[in-house]
Amino acid sequence: MKVQEIVKTHSNLKYQYDNDIADVFEDYLQTDYRRAAKELFVAAVGDGSGKQVLELSCGTGPIARALKQAYPSASIVGSDISSGMIAKAEEIEATEPLGIQYLVGDAMNQGCVNGGNYDVVVAHCLFCYAKDKTELQSMAQTCYDNLRPGGHLVLAVNNDVWTRTSIKRPYRAGVSIFQAPISGRDPMDTQEGEQCKCNVRLPDGQTETSWHYHWEEQTCLRMLESVGFSQVKLEPFTLELVPPSQRFDPGYTSFVDFPFSTILRAWKSE
């Protein structure tokens, strides 16, 4: 199917993940760069010991697995709109059981997952799939509704600088990744809410192409505030998130030097 047909007939972007991306995505996760992105995000989430954790837009489950491995006493549920991604996550869980529950669900209208009341809600890639601000607000509301009073939200949202300059700066650590608006507009002129195409080339020559929408960091922050979150703040990914002995890891240094995302943190008031 041509790119134009996918964009036209699958405007919610679900198609790409229900079909041929899951296996390539798993290979992508094994690269130093993507491993570092995952581990730095898990470090940003913080101590999950004994906590009830919900991951929205969990994909094939790399963040959920990393959290469970780091904090075995945590109870973790992963949810994703793509049945293909959830099938892959469940396949991995069956082979290497950790006790993670996976569910198919749309974060725009999912309501409370298993009754909600989670200590922590996380999402490594969520807001980038909202095609307008109404969908963005619905996703933010789902995050809010699933937290207990005093609960903590940790998101990774598109880095504004990376969005506009990635096509000019290939990554180190064995991966090339470029993003540009599908309109053909210069990436430096990427507009709020514009649909973009992201191309990833792996060391073995495999490629992954996905589509999403660009939302400014401040827009994402204000959207969380609009649904009731407090203490909302943006934080950069830094090497201080990991122990000093790991700060020379080529994946970490490559990602921190030019991160595709920024941490967005918030709390639900008591």
# chains A, B, ... in the order shown; residues from 1 in each chain; ligands from 1
>>> closest_atom_pairs(of="range 68-116 of chain A", to="range 27-51 of chain A", cutoff="6 Å", atoms="only C-alpha atoms", output="Markdown table")
| residue | atom | partner | partner_atom | distance |
| --- | --- | --- | --- | --- |
| A:Tyr71 | CA | A:Ser49 | CA | 5.1 |
| A:Ser73 | CA | A:Gly50 | CA | 4.8 |
| A:Ala74 | CA | A:Gly50 | CA | 4.5 |
>>> write_last_selection(atoms="C-alpha atoms", output="tab-separated table (two decimals), in the first residue's frame")
chain	number	residue	atom	x	y	z
A	71	TYR	CA	10.96	-3.37	40.23
A	73	SER	CA	7.17	-6.09	43.21
A	74	ALA	CA	5.39	-3.61	40.92
>>> residues_around(residues="range 87-103 of chain A", least_positions_apart="3", cutoff="8 Å", atoms="only C-alpha atoms", output="PyMOL selection string")
chain A and resi 22-23+59-61+64-65+68-69+75-80+83-84
>>> write_last_selection(atoms="C-alpha atoms", output="PDB file, in the first residue's frame")
ATOM      1  CA  ALA A  22       5.862  -5.040  15.190  1.00  0.00           C
ATOM      2  CA  ASP A  23       8.748  -7.364  14.263  1.00  0.00           C
ATOM      3  CA  GLY A  59       3.503  -1.121  21.961  1.00  0.00           C
ATOM      4  CA  THR A  60       5.261  -4.485  22.219  1.00  0.00           C
ATOM      5  CA  GLY A  61       5.944  -3.867  25.913  1.00  0.00           C
ATOM      6  CA  ALA A  64       6.595  -2.390  30.830  1.00  0.00           C
ATOM      7  CA  ARG A  65       9.154  -5.216  30.807  1.00  0.00           C
ATOM      8  CA  LYS A  68       8.993  -4.998  35.914  1.00  0.00           C
ATOM      9  CA  GLN A  69      12.594  -6.209  35.707  1.00  0.00           C
ATOM     10  CA  SER A  75       2.054  -4.600  39.369  1.00  0.00           C
ATOM     11  CA  ILE A  76       2.113  -3.536  35.728  1.00  0.00           C
ATOM     12  CA  VAL A  77      -0.584  -3.301  33.059  1.00  0.00           C
ATOM     13  CA  GLY A  78       0.200  -2.345  29.469  1.00  0.00           C
ATOM     14  CA  SER A  79      -2.428  -1.064  27.033  1.00  0.00           C
ATOM     15  CA  ASP A  80      -2.215  -0.232  23.333  1.00  0.00           C
ATOM     16  CA  SER A  83      -3.901  -5.616  18.488  1.00  0.00           C
ATOM     17  CA  GLY A  84      -0.764  -6.466  16.499  1.00  0.00           C
TER      18      GLY A  84
END
>>> select_by_dssp(residues="range 121-238 of chain A", states="alpha helix (DSSP H)", output="JSON, numbers by chain")
{"A": [133, 134, 135, 136, 137, 138, 139, 140, 141, 142, 143, 144, 145, 160, 161, 162, 163, 164, 165, 217, 218, 219, 220, 221, 222, 223, 224, 225, 226]}
>>> closest_residue(among="A:Ser254, A:Asn146, A:Asn199, A:Ser269", to="Glu225 in chain A", atoms="only C-alpha atoms")
A:Ser269
>>> closest_residue(among="A:Thr219, A:Ser176, A:Ser57, A:Gln246", to="Ile86 in chain A", atoms="only C-alpha atoms")
A:Ser57
>>> residues_around(residues="range 129-136 of chain A", least_positions_apart="6", cutoff="7 Å", atoms="only C-alpha atoms", output="JSON, numbers by chain")
{"A": [108, 193, 212, 213]}
>>> write_last_selection(atoms="N, CA and C atoms", output="CSV table (one decimal), in the first residue's frame")
chain,number,residue,atom,x,y,z
A,108,MET,N,-7.8,7.3,23.8
A,108,MET,CA,-8.7,8.5,23.7
A,108,MET,C,-10.0,8.3,24.3
A,193,GLY,N,0.7,20.4,15.2
A,193,GLY,CA,-0.3,19.5,14.8
A,193,GLY,C,-0.1,18.9,13.4
A,212,HIS,N,3.2,10.2,12.6
A,212,HIS,CA,2.6,10.7,13.8
A,212,HIS,C,2.4,12.2,13.6
A,213,TYR,N,2.0,12.9,14.7
A,213,TYR,CA,1.7,14.3,14.6
A,213,TYR,C,2.7,15.1,15.6
>>> residues_around(residues="range 182-192 of chain A", least_positions_apart="6", cutoff="7 Å", atoms="only C-alpha atoms", output="list in words")
Arg164, Thr165, His214, Trp215 and Glu216 of chain A
>>> write_last_selection(atoms="C-alpha atoms", output="compact mmCIF listing (two decimals), in the first residue's frame")
# COMPACT_ATOMS: atom_id res chain seq x y z
CA ARG A 164 12.88 20.52 13.30
CA THR A 165 16.50 19.39 12.87
CA HIS A 214 3.90 17.10 16.06
CA TRP A 215 2.76 18.86 19.21
CA GLU A 216 4.88 21.49 20.91
>>> residues_around(residues="Cys125 in chain A", least_positions_apart="2", cutoff="8 Å", atoms="only C-alpha atoms", output="ChimeraX atom specification")
/A:57-58,123,127-129,155-157
>>> select_by_dssp(residues="range 78-180 of chain A", states="strand (DSSP E or B)", output="tab-separated table (two decimals) with N, CA and C atoms, in the first residue's frame")
chain	number	residue	atom	x	y	z
A	78	GLY	N	-0.12	-3.07	30.69
A	78	GLY	CA	0.20	-2.34	29.47
A	78	GLY	C	-0.99	-2.34	28.54
A	79	SER	N	-1.28	-1.20	27.93
A	79	SER	CA	-2.43	-1.06	27.03
A	79	SER	C	-2.00	-0.38	25.74
A	80	ASP	N	-2.54	-0.83	24.62
A	80	ASP	CA	-2.22	-0.23	23.33
A	80	ASP	C	-3.40	-0.40	22.39
A	101	GLN	N	0.24	-7.78	32.57
A	101	GLN	CA	-1.04	-7.92	31.87
A	101	GLN	C	-1.08	-6.94	30.70
A	102	TYR	N	-1.49	-7.43	29.53
A	102	TYR	CA	-1.60	-6.56	28.35
A	102	TYR	C	-3.05	-6.52	27.88
A	103	LEU	N	-3.50	-5.33	27.47
A	103	LEU	CA	-4.87	-5.12	27.02
A	103	LEU	C	-4.88	-4.28	25.75
A	104	VAL	N	-5.83	-4.55	24.86
A	104	VAL	CA	-6.06	-3.68	23.71
A	104	VAL	C	-7.03	-2.59	24.13
A	118	TYR	N	-4.37	3.93	39.71
A	118	TYR	CA	-2.96	3.55	39.64
A	118	TYR	C	-2.10	4.57	40.38
A	119	ASP	N	-0.98	4.08	40.90
A	119	ASP	CA	-0.01	4.96	41.54
A	119	ASP	C	0.76	5.77	40.50
A	120	VAL	N	1.04	5.12	39.38
A	120	VAL	CA	1.83	5.75	38.32
A	120	VAL	C	1.22	5.40	36.96
A	121	VAL	N	1.10	6.39	36.10
A	121	VAL	CA	0.76	6.17	34.69
A	121	VAL	C	1.94	6.66	33.86
A	122	VAL	N	2.36	5.85	32.91
A	122	VAL	CA	3.49	6.22	32.05
A	122	VAL	C	3.10	6.03	30.58
A	123	ALA	N	3.76	6.77	29.72
A	123	ALA	CA	3.59	6.59	28.27
A	123	ALA	C	4.83	7.15	27.59
A	147	LEU	N	-5.30	7.69	37.39
A	147	LEU	CA	-4.44	7.86	38.56
A	147	LEU	C	-5.26	7.99	39.85
A	148	ARG	N	-4.72	7.48	40.92
A	148	ARG	CA	-5.29	7.74	42.24
A	148	ARG	C	-4.96	9.17	42.64
A	149	PRO	N	-5.66	9.76	43.60
A	149	PRO	CA	-5.26	11.06	44.12
A	149	PRO	C	-3.81	11.00	44.63
A	150	GLY	N	-3.00	11.93	44.21
A	150	GLY	CA	-1.58	11.92	44.57
A	150	GLY	C	-0.72	11.13	43.61
A	151	GLY	N	-1.35	10.52	42.60
A	151	GLY	CA	-0.62	9.71	41.64
A	151	GLY	C	0.26	10.54	40.71
A	152	HIS	N	1.21	9.86	40.08
A	152	HIS	CA	2.29	10.48	39.31
A	152	HIS	C	2.19	10.07	37.84
A	153	LEU	N	2.29	11.03	36.95
A	153	LEU	CA	2.29	10.78	35.50
A	153	LEU	C	3.67	11.10	34.94
A	154	VAL	N	4.20	10.19	34.10
A	154	VAL	CA	5.47	10.43	33.42
A	154	VAL	C	5.29	10.12	31.93
A	155	LEU	N	5.46	11.14	31.11
A	155	LEU	CA	5.35	10.99	29.66
A	155	LEU	C	6.68	11.36	29.00
A	156	ALA	N	6.87	10.85	27.79
A	156	ALA	CA	7.92	11.36	26.91
A	156	ALA	C	7.20	11.98	25.72
A	157	VAL	N	7.47	13.26	25.46
A	157	VAL	CA	6.82	13.97	24.36
A	157	VAL	C	7.88	14.43	23.37
A	158	ASN	N	7.47	14.69	22.14
A	158	ASN	CA	8.42	15.09	21.10
A	158	ASN	C	9.26	16.29	21.53
A	176	SER	N	20.23	5.51	12.08
A	176	SER	CA	19.91	6.80	11.47
A	176	SER	C	18.41	7.00	11.59
A	177	ILE	N	18.00	8.18	12.01
A	177	ILE	CA	16.57	8.45	12.20
A	177	ILE	C	16.28	9.88	11.78
A	178	PHE	N	15.34	10.01	10.86
A	178	PHE	CA	15.02	11.33	10.31
A	178	PHE	C	13.51	11.54	10.31
A	179	GLN	N	13.08	12.76	10.54
A	179	GLN	CA	11.66	13.09	10.51
A	179	GLN	C	11.42	14.31	9.65
A	180	ALA	N	10.30	14.30	8.93
A	180	ALA	CA	9.93	15.46	8.12
A	180	ALA	C	8.42	15.47	7.92
>>> residues_around(residues="Asp145 in chain A", least_positions_apart="5", cutoff="8 Å", atoms="only C-alpha atoms", output="list of chain:residue names")
A:Gly111, A:Cys112, A:Gly116, A:Asn117
>>> closest_residue(among="A:Gly228, A:Pro72, A:Gly205, A:Pro236", to="Asp160 in chain A", atoms="only C-alpha atoms")
A:Pro236
>>> atom_distance(atom1="CA of Gly115 in chain A", atom2="CA of Glu55 in chain A")
14.4 Å
>>> atom_distance(atom1="CA of Met85 in chain A", atom2="CA of Gln218 in chain A")
29.4 Å
>>> atom_distance(atom1="CA of Leu67 in chain A", atom2="CA of Cys220 in chain A")
24.1 Å
>>> decode(residues="range 89-100 of chain A", atoms="N, CA and C atoms", output="PDB file, in the first residue's frame")
ATOM      1  N   ALA A  89       3.526  -8.366  22.276  1.00  0.00           N
ATOM      2  CA  ALA A  89       3.848  -8.246  23.703  1.00  0.00           C
ATOM      3  C   ALA A  89       3.468  -9.521  24.454  1.00  0.00           C
ATOM      4  N   GLU A  90       2.307 -10.077  24.137  1.00  0.00           N
ATOM      5  CA  GLU A  90       1.856 -11.302  24.803  1.00  0.00           C
ATOM      6  C   GLU A  90       2.704 -12.499  24.392  1.00  0.00           C
ATOM      7  N   GLU A  91       3.169 -12.499  23.153  1.00  0.00           N
ATOM      8  CA  GLU A  91       4.070 -13.562  22.690  1.00  0.00           C
ATOM      9  C   GLU A  91       5.373 -13.544  23.497  1.00  0.00           C
ATOM     10  N   ILE A  92       5.911 -12.350  23.707  1.00  0.00           N
ATOM     11  CA  ILE A  92       7.138 -12.218  24.499  1.00  0.00           C
ATOM     12  C   ILE A  92       6.878 -12.603  25.952  1.00  0.00           C
ATOM     13  N   GLU A  93       5.734 -12.193  26.490  1.00  0.00           N
ATOM     14  CA  GLU A  93       5.370 -12.528  27.869  1.00  0.00           C
ATOM     15  C   GLU A  93       5.244 -14.038  28.048  1.00  0.00           C
ATOM     16  N   ALA A  94       4.705 -14.728  27.043  1.00  0.00           N
ATOM     17  CA  ALA A  94       4.552 -16.182  27.125  1.00  0.00           C
ATOM     18  C   ALA A  94       5.908 -16.880  27.128  1.00  0.00           C
ATOM     19  N   THR A  95       6.868 -16.318  26.397  1.00  0.00           N
ATOM     20  CA  THR A  95       8.210 -16.902  26.312  1.00  0.00           C
ATOM     21  C   THR A  95       9.046 -16.565  27.534  1.00  0.00           C
ATOM     22  N   GLU A  96       8.912 -15.317  27.995  1.00  0.00           N
ATOM     23  CA  GLU A  96       9.680 -14.841  29.153  1.00  0.00           C
ATOM     24  C   GLU A  96       8.710 -14.214  30.157  1.00  0.00           C
ATOM     25  N   PRO A  97       7.973 -15.043  30.901  1.00  0.00           N
ATOM     26  CA  PRO A  97       6.909 -14.521  31.771  1.00  0.00           C
ATOM     27  C   PRO A  97       7.422 -13.638  32.906  1.00  0.00           C
ATOM     28  N   LEU A  98       6.801 -12.456  33.007  1.00  0.00           N
ATOM     29  CA  LEU A  98       7.117 -11.515  34.078  1.00  0.00           C
ATOM     30  C   LEU A  98       5.884 -11.174  34.916  1.00  0.00           C
ATOM     31  N   GLY A  99       4.715 -11.602  34.439  1.00  0.00           N
ATOM     32  CA  GLY A  99       3.486 -11.289  35.162  1.00  0.00           C
ATOM     33  C   GLY A  99       2.866  -9.966  34.773  1.00  0.00           C
ATOM     34  N   ILE A 100       3.145  -9.513  33.544  1.00  0.00           N
ATOM     35  CA  ILE A 100       2.569  -8.258  33.045  1.00  0.00           C
ATOM     36  C   ILE A 100       1.263  -8.564  32.319  1.00  0.00           C
TER      37      ILE A 100
END
